[in-house]
Amino acid sequence: MIIIMKNKVKKASVQAVVLEVEALGYAAHVINGIENTVIGAVGTKDKNSLRSLVSMDGVASVMPIQQPYKLASLSTKKESSIIKIGNTEIGGNSFVLMGGPCSVETREQTYSCADSVKKVGGQFLRGGAYKPRTSPYSFQGLEEEGLKILLEAKKKTGLHIVTELLNPQNTELVNSYADVIQIGARNMQNFALLKEVGKLKKPILLKRGLSSTLEELMMSAEYIMSEGNYNVILCERGIRTFEKAYRNVLDLNAVPALKRMTHLPVVVDPSHGTGRKDLIETMSKAAIAAGADGIMIEIHPNPEKAFSDGPQSLKFHEFEHLVNEIRPYVELSKKTWSVV
Ligand code: PEP
Ligand code: MN
């Protein structure tokens, strides 16, 4: 159920409703929109007991939410959520560019990627220090050493850091280095991990699972939000189909479809979504045209020698070319591209 408060409601009225919701055995989530404050009452009890709240001071209406995802639903909050990271905003009318290597390999490699991202006006340096590899014999990441390198690159450039958390045990450690914590496609339904990051305040980049539906993606966002962390950024990164011509099928239907389901920002990763360097630029343009709030691109100083995802990693001059090519699309999308 959502309890929609009247315009310009007093804080004390909101607080009184929160207490009543909790007394009825639900968790209360206060969501402050531009026009209205909404209180999401979530729990497993019979919802009818909440209907009586309509007579409380400051309450405009009490409505059931039809979707199984509640806090993430567009019915709960009508306007786009804007997630702030330093002076950068994700969502609303902003466009963000995230770039960097698949894996943090060396200091020099990461610094050169960071310089390249900074040069083209990106706001985020991405790079994995903990890597979810299909084979246990493949490079697994530099772990904390990798996080330290990312932090040094941040100090040099001012870029925000996006890095993956693989395992609930490393939550505190990764949280102390990252500006945005990535939950990778393979962990989209690792519910223990989702609950763990739900307890943080840190923005979470939640990547769609390889074979997950949009509703499942939304339910995973709901896991994070139901713990109190509303700073969730969704990421379309391609899904598995029968098609073998590329690594994944970048499902760009997902962008406008998600925008009709949720107020959360949607970022697209055409690097994993195609797995092919020659398709990334076109699919980046298509993602922006579809309404993406940002794109994430893998780059490497020497892709042939990359420890992971070399075939889809752009060289710096290719990345620069891509960025020049997409600028008019960002302008057409009426989004603002601010630098850090
Ligand atoms: C990555 O971003 O490098 C990555 C492993 O992504 P995904 O989880 O989407 O495969
Ligand atoms: Mn990768």
# chains A, B, ... in the order shown; residues from 1 in each chain; ligands from 1
>>> residues_near_ligand(ligand="ligand 2", cutoff="7 Å", atoms="only C-alpha atoms and all ligand atoms", output="ChimeraX atom specification")
/A:102-103,272,298,308-309
>>> write_last_selection(atoms="N, CA, C and O atoms", output="short mmCIF file (atom, residue, chain, number, x, y, z; two decimals), in the first residue's frame")
data_model
loop_
_atom_site.label_atom_id
_atom_site.label_comp_id
_atom_site.auth_asym_id
_atom_site.auth_seq_id
_atom_site.Cartn_x
_atom_site.Cartn_y
_atom_site.Cartn_z
N CYS A 102 37.80 -3.48 -17.85
CA CYS A 102 36.99 -4.54 -17.22
C CYS A 102 37.61 -4.82 -15.85
O CYS A 102 36.93 -4.71 -14.83
N SER A 103 38.90 -5.14 -15.84
CA SER A 103 39.60 -5.42 -14.57
C SER A 103 40.68 -4.38 -14.32
O SER A 103 41.36 -3.95 -15.25
N HIS A 272 29.33 -5.06 -22.69
CA HIS A 272 28.92 -6.44 -22.43
C HIS A 272 27.69 -6.80 -23.27
O HIS A 272 27.50 -7.96 -23.62
N GLU A 298 33.73 -0.23 -21.72
CA GLU A 298 35.03 -0.78 -21.31
C GLU A 298 36.13 -0.32 -22.27
O GLU A 298 35.97 -0.39 -23.49
N SER A 308 40.91 -9.46 -18.99
CA SER A 308 39.51 -9.89 -19.19
C SER A 308 38.84 -8.95 -20.18
O SER A 308 39.15 -7.77 -20.24
N ASP A 309 37.93 -9.49 -20.95
CA ASP A 309 37.08 -8.74 -21.88
C ASP A 309 37.84 -7.86 -22.89
O ASP A 309 37.30 -6.83 -23.34
#
>>> residues_near_ligand(ligand="ligand 1", cutoff="10 Å", atoms="only C-alpha atoms and all ligand atoms", output="short mmCIF file (atom, residue, chain, number, x, y, z; two decimals) with N, CA, C and O atoms, in the first residue's frame")
data_model
loop_
_atom_site.label_atom_id
_atom_site.label_comp_id
_atom_site.auth_asym_id
_atom_site.auth_seq_id
_atom_site.Cartn_x
_atom_site.Cartn_y
_atom_site.Cartn_z
N GLY A 100 36.14 2.64 -18.37
CA GLY A 100 37.29 2.09 -17.65
C GLY A 100 37.51 0.66 -18.06
O GLY A 100 36.76 0.10 -18.87
N PRO A 101 38.55 0.05 -17.48
CA PRO A 101 38.86 -1.32 -17.86
C PRO A 101 37.87 -2.30 -17.25
O PRO A 101 37.23 -1.99 -16.25
N CYS A 102 37.80 -3.48 -17.85
CA CYS A 102 36.99 -4.54 -17.22
C CYS A 102 37.61 -4.82 -15.85
O CYS A 102 36.93 -4.71 -14.83
N SER A 103 38.90 -5.14 -15.84
CA SER A 103 39.60 -5.42 -14.57
C SER A 103 40.68 -4.38 -14.32
O SER A 103 41.36 -3.95 -15.25
N ARG A 126 35.20 3.14 -14.13
CA ARG A 126 34.78 1.80 -13.73
C ARG A 126 35.99 0.86 -13.77
O ARG A 126 36.94 1.08 -14.51
N GLY A 127 35.96 -0.19 -12.97
CA GLY A 127 37.04 -1.17 -13.01
C GLY A 127 36.80 -2.20 -11.91
O GLY A 127 36.45 -1.85 -10.79
N GLY A 128 36.99 -3.45 -12.26
CA GLY A 128 36.73 -4.51 -11.29
C GLY A 128 37.99 -4.90 -10.54
O GLY A 128 39.05 -5.15 -11.14
N ALA A 129 37.88 -4.97 -9.22
CA ALA A 129 38.97 -5.47 -8.38
C ALA A 129 38.63 -6.90 -7.93
O ALA A 129 39.51 -7.67 -7.55
N TYR A 130 37.36 -7.21 -7.97
CA TYR A 130 36.87 -8.58 -7.70
C TYR A 130 36.10 -8.98 -8.94
O TYR A 130 35.10 -8.35 -9.28
N LYS A 131 36.57 -9.98 -9.64
CA LYS A 131 35.98 -10.31 -10.93
C LYS A 131 35.18 -11.62 -10.90
O LYS A 131 35.69 -12.64 -10.44
N PRO A 132 33.96 -11.58 -11.40
CA PRO A 132 33.15 -12.80 -11.48
C PRO A 132 33.49 -13.55 -12.77
O PRO A 132 32.91 -13.29 -13.81
N ARG A 133 34.44 -14.46 -12.74
CA ARG A 133 34.88 -15.12 -13.97
C ARG A 133 34.23 -16.49 -14.13
O ARG A 133 34.05 -17.22 -13.15
N THR A 134 33.94 -16.84 -15.36
CA THR A 134 33.32 -18.14 -15.64
C THR A 134 34.24 -19.28 -15.23
O THR A 134 33.79 -20.30 -14.71
N VAL A 162 33.31 3.36 -9.83
CA VAL A 162 32.31 2.28 -9.85
C VAL A 162 33.08 0.97 -9.82
O VAL A 162 33.93 0.72 -10.68
N THR A 163 32.80 0.12 -8.83
CA THR A 163 33.51 -1.15 -8.77
C THR A 163 32.61 -2.22 -8.18
O THR A 163 31.71 -1.93 -7.39
N GLU A 164 32.86 -3.45 -8.59
CA GLU A 164 31.92 -4.54 -8.24
C GLU A 164 32.20 -5.14 -6.86
O GLU A 164 33.34 -5.33 -6.46
N LEU A 166 31.45 -8.61 -4.98
CA LEU A 166 31.08 -9.99 -5.35
C LEU A 166 30.50 -10.77 -4.19
O LEU A 166 29.71 -11.68 -4.38
N GLN A 182 28.90 -1.77 -7.79
CA GLN A 182 28.25 -2.57 -8.86
C GLN A 182 27.88 -3.94 -8.32
O GLN A 182 28.68 -4.61 -7.68
N ILE A 183 26.64 -4.34 -8.60
CA ILE A 183 26.23 -5.73 -8.40
C ILE A 183 26.13 -6.31 -9.80
O ILE A 183 25.33 -5.86 -10.62
N GLY A 184 26.99 -7.27 -10.09
CA GLY A 184 27.11 -7.79 -11.44
C GLY A 184 25.93 -8.67 -11.84
O GLY A 184 25.12 -9.10 -11.00
N ALA A 185 25.85 -8.92 -13.15
CA ALA A 185 24.74 -9.70 -13.71
C ALA A 185 24.58 -11.05 -13.01
O ALA A 185 23.47 -11.48 -12.72
N ARG A 186 25.71 -11.67 -12.72
CA ARG A 186 25.64 -13.02 -12.11
C ARG A 186 25.15 -12.99 -10.68
O ARG A 186 24.76 -14.02 -10.13
N ASN A 187 25.19 -11.85 -10.08
CA ASN A 187 24.73 -11.72 -8.68
C ASN A 187 23.40 -10.99 -8.55
O ASN A 187 23.01 -10.67 -7.44
N MET A 188 22.74 -10.74 -9.68
CA MET A 188 21.50 -9.96 -9.59
C MET A 188 20.49 -10.59 -8.65
O MET A 188 19.70 -9.90 -8.02
N LEU A 205 24.80 0.14 -8.53
CA LEU A 205 24.54 -0.11 -9.96
C LEU A 205 24.16 -1.58 -10.07
O LEU A 205 25.01 -2.46 -9.93
N LEU A 206 22.89 -1.82 -10.33
CA LEU A 206 22.38 -3.19 -10.36
C LEU A 206 22.25 -3.65 -11.80
O LEU A 206 21.41 -3.15 -12.55
N LYS A 207 23.10 -4.62 -12.18
CA LYS A 207 23.09 -5.08 -13.56
C LYS A 207 22.07 -6.21 -13.75
O LYS A 207 21.91 -7.05 -12.86
N ARG A 208 21.42 -6.17 -14.88
CA ARG A 208 20.40 -7.19 -15.17
C ARG A 208 21.07 -8.55 -15.38
O ARG A 208 22.08 -8.66 -16.07
N GLY A 209 20.48 -9.57 -14.79
CA GLY A 209 21.01 -10.93 -14.95
C GLY A 209 20.94 -11.40 -16.39
O GLY A 209 20.09 -10.93 -17.17
N LEU A 210 21.80 -12.34 -16.72
CA LEU A 210 21.92 -12.82 -18.10
C LEU A 210 20.61 -13.38 -18.65
O LEU A 210 20.35 -13.34 -19.85
N CYS A 235 20.92 -1.30 -14.67
CA CYS A 235 21.81 -1.37 -15.83
C CYS A 235 21.43 -2.52 -16.75
O CYS A 235 21.46 -3.68 -16.36
N GLU A 236 21.08 -2.14 -17.98
CA GLU A 236 20.83 -3.15 -19.03
C GLU A 236 22.18 -3.49 -19.64
O GLU A 236 22.88 -2.60 -20.13
N ARG A 237 22.53 -4.78 -19.63
CA ARG A 237 23.86 -5.19 -20.11
C ARG A 237 23.78 -6.37 -21.08
O ARG A 237 24.75 -7.07 -21.32
N GLY A 238 22.58 -6.59 -21.63
CA GLY A 238 22.45 -7.67 -22.60
C GLY A 238 22.01 -8.96 -21.94
O GLY A 238 22.33 -9.22 -20.79
N ILE A 239 21.26 -9.73 -22.71
CA ILE A 239 20.73 -11.00 -22.21
C ILE A 239 21.13 -12.13 -23.15
O ILE A 239 21.50 -11.89 -24.29
N ASN A 248 26.09 -11.11 -26.28
CA ASN A 248 24.77 -10.98 -25.66
C ASN A 248 23.88 -10.17 -26.60
O ASN A 248 24.38 -9.51 -27.50
N ASP A 269 24.96 -0.70 -20.81
CA ASP A 269 26.34 -1.16 -20.99
C ASP A 269 26.45 -1.87 -22.35
O ASP A 269 26.23 -3.08 -22.45
N PRO A 270 26.77 -1.10 -23.41
CA PRO A 270 26.84 -1.73 -24.73
C PRO A 270 28.09 -2.59 -24.90
O PRO A 270 28.15 -3.37 -25.86
N SER A 271 29.06 -2.49 -24.00
CA SER A 271 30.27 -3.32 -24.12
C SER A 271 29.94 -4.78 -23.87
O SER A 271 30.19 -5.65 -24.71
N HIS A 272 29.33 -5.06 -22.69
CA HIS A 272 28.92 -6.44 -22.43
C HIS A 272 27.69 -6.80 -23.27
O HIS A 272 27.50 -7.96 -23.62
N GLY A 273 26.89 -5.80 -23.57
CA GLY A 273 25.64 -6.04 -24.31
C GLY A 273 25.87 -6.56 -25.71
O GLY A 273 24.99 -7.21 -26.29
N MET A 296 27.89 2.84 -20.09
CA MET A 296 29.13 2.36 -19.48
C MET A 296 29.94 1.62 -20.53
O MET A 296 29.41 0.70 -21.18
N ILE A 297 31.19 2.03 -20.71
CA ILE A 297 32.02 1.50 -21.81
C ILE A 297 33.34 0.95 -21.25
O ILE A 297 34.00 1.62 -20.45
N GLU A 298 33.73 -0.23 -21.72
CA GLU A 298 35.03 -0.78 -21.31
C GLU A 298 36.13 -0.32 -22.27
O GLU A 298 35.97 -0.39 -23.49
N SER A 308 40.91 -9.46 -18.99
CA SER A 308 39.51 -9.89 -19.19
C SER A 308 38.84 -8.95 -20.18
O SER A 308 39.15 -7.77 -20.24
N ASP A 309 37.93 -9.49 -20.95
CA ASP A 309 37.08 -8.74 -21.88
C ASP A 309 37.84 -7.86 -22.89
O ASP A 309 37.30 -6.83 -23.34
#
>>> residues_around(residues="Val255 (chain A)", least_positions_apart="2", cutoff="12 Å", atoms="only C-alpha atoms", output="NGL selection string")
:A and (208 or 214 or 234-238 or 250-253 or 257-269 or 286-295)
>>> closest_residue(among="A:Leu173, A:Ile90, A:Val17, A:Leu151", to="Val62 (chain A)", atoms="only C-alpha atoms")
A:Val17
>>> closest_residue(among="A:Ile149, A:Ile224, A:Ile34, A:Val104", to="Phe307 (chain A)", atoms="only C-alpha atoms")
A:Val104
>>> atom_distance(atom1="CA of Gly43 (chain A)", atom2="CA of Glu216 (chain A)")
18.7 Å
>>> residues_around(residues="Leu194 (chain A)", least_positions_apart="2", cutoff="12 Å", atoms="only C-alpha atoms", output="JSON, numbers by chain")
{"A": [165, 166, 167, 168, 171, 181, 182, 183, 184, 187, 188, 189, 190, 191, 192, 196, 197, 198, 199, 200, 204, 205, 206, 207, 217, 219, 220, 221, 222, 223, 224, 225, 226, 227, 228, 229, 232]}
>>> select_by_dssp(residues="region 62-302 of chain A", states="strand (DSSP E or B)", output="ChimeraX atom specification")
/A:62-63,73,83-85,88-90,94,96-100,103,124-126,128,160-164,180-183,204-207,232-236,239,249,262,266-268,294-299
>>> atom_distance(atom1="CA of Asn48 (chain A)", atom2="CA of Leu24 (chain A)")
10.5 Å
>>> select_by_dssp(residues="region 54-248 of chain A", states="alpha helix (DSSP H)", output="VMD selection string")
chain A and resid 107 to 120 144 to 157 171 to 177 191 to 198 214 to 226
>>> write_last_selection(atoms="C-alpha atoms", output="mmCIF file, in the first residue's frame")
data_model
loop_
_atom_site.group_PDB
_atom_site.id
_atom_site.type_symbol
_atom_site.label_atom_id
_atom_site.label_comp_id
_atom_site.auth_asym_id
_atom_site.auth_seq_id
_atom_site.Cartn_x
_atom_site.Cartn_y
_atom_site.Cartn_z
ATOM 1 C CA ARG A 107 48.544 1.099 -11.665
ATOM 2 C CA GLU A 108 49.691 2.334 -15.091
ATOM 3 C CA GLN A 109 46.825 0.633 -16.940
ATOM 4 C CA THR A 110 44.222 2.070 -14.564
ATOM 5 C CA TYR A 111 45.726 5.572 -14.529
ATOM 6 C CA SER A 112 45.845 5.673 -18.319
ATOM 7 C CA CYS A 113 42.187 4.602 -18.495
ATOM 8 C CA ALA A 114 41.256 7.241 -15.911
ATOM 9 C CA ASP A 115 43.081 9.933 -17.923
ATOM 10 C CA SER A 116 41.209 8.839 -21.034
ATOM 11 C CA VAL A 117 37.804 8.970 -19.285
ATOM 12 C CA LYS A 118 38.605 12.367 -17.795
ATOM 13 C CA LYS A 119 39.796 13.722 -21.144
ATOM 14 C CA VAL A 120 36.520 12.908 -22.920
ATOM 15 C CA GLU A 144 42.089 -4.706 -2.167
ATOM 16 C CA GLU A 145 45.214 -3.750 -4.107
ATOM 17 C CA GLY A 146 42.904 -3.019 -7.047
ATOM 18 C CA LEU A 147 40.624 -0.898 -4.868
ATOM 19 C CA LYS A 148 43.647 1.138 -3.725
ATOM 20 C CA ILE A 149 44.677 1.749 -7.327
ATOM 21 C CA LEU A 150 41.153 2.940 -8.162
ATOM 22 C CA LEU A 151 41.236 5.336 -5.211
ATOM 23 C CA GLU A 152 44.594 6.745 -6.346
ATOM 24 C CA ALA A 153 43.167 7.226 -9.850
ATOM 25 C CA LYS A 154 40.219 9.039 -8.301
ATOM 26 C CA LYS A 155 42.555 11.333 -6.368
ATOM 27 C CA LYS A 156 44.442 12.164 -9.572
ATOM 28 C CA THR A 157 41.394 12.830 -11.743
ATOM 29 C CA THR A 171 30.866 -5.182 1.716
ATOM 30 C CA GLU A 172 32.538 -2.864 4.216
ATOM 31 C CA LEU A 173 35.844 -2.911 2.373
ATOM 32 C CA VAL A 174 34.391 -2.205 -1.079
ATOM 33 C CA ASN A 175 32.057 0.403 0.415
ATOM 34 C CA SER A 176 35.034 2.271 1.842
ATOM 35 C CA TYR A 177 36.573 2.716 -1.655
ATOM 36 C CA PHE A 191 19.526 -11.984 -2.288
ATOM 37 C CA ALA A 192 21.918 -12.062 0.667
ATOM 38 C CA LEU A 193 24.199 -9.651 -1.193
ATOM 39 C CA LEU A 194 21.269 -7.423 -2.185
ATOM 40 C CA LYS A 195 20.123 -7.177 1.448
ATOM 41 C CA GLU A 196 23.665 -6.358 2.525
ATOM 42 C CA VAL A 197 23.992 -3.410 0.110
ATOM 43 C CA GLY A 198 20.452 -2.382 1.006
ATOM 44 C CA LEU A 214 12.574 -6.948 -16.236
ATOM 45 C CA GLU A 215 10.217 -7.874 -13.427
ATOM 46 C CA GLU A 216 12.947 -9.946 -11.795
ATOM 47 C CA LEU A 217 15.328 -6.997 -12.159
ATOM 48 C CA MET A 218 12.743 -4.789 -10.478
ATOM 49 C CA MET A 219 12.295 -7.293 -7.656
ATOM 50 C CA SER A 220 16.054 -7.268 -7.071
ATOM 51 C CA ALA A 221 15.981 -3.469 -6.892
ATOM 52 C CA GLU A 222 13.128 -3.872 -4.413
ATOM 53 C CA TYR A 223 15.322 -6.094 -2.209
ATOM 54 C CA ILE A 224 17.851 -3.262 -1.946
ATOM 55 C CA MET A 225 15.228 -0.554 -1.439
ATOM 56 C CA SER A 226 13.246 -2.516 1.125
#
>>> atom_distance(atom1="CA of Ser73 (chain A)", atom2="CA of Ala60 (chain A)")
19.0 Å
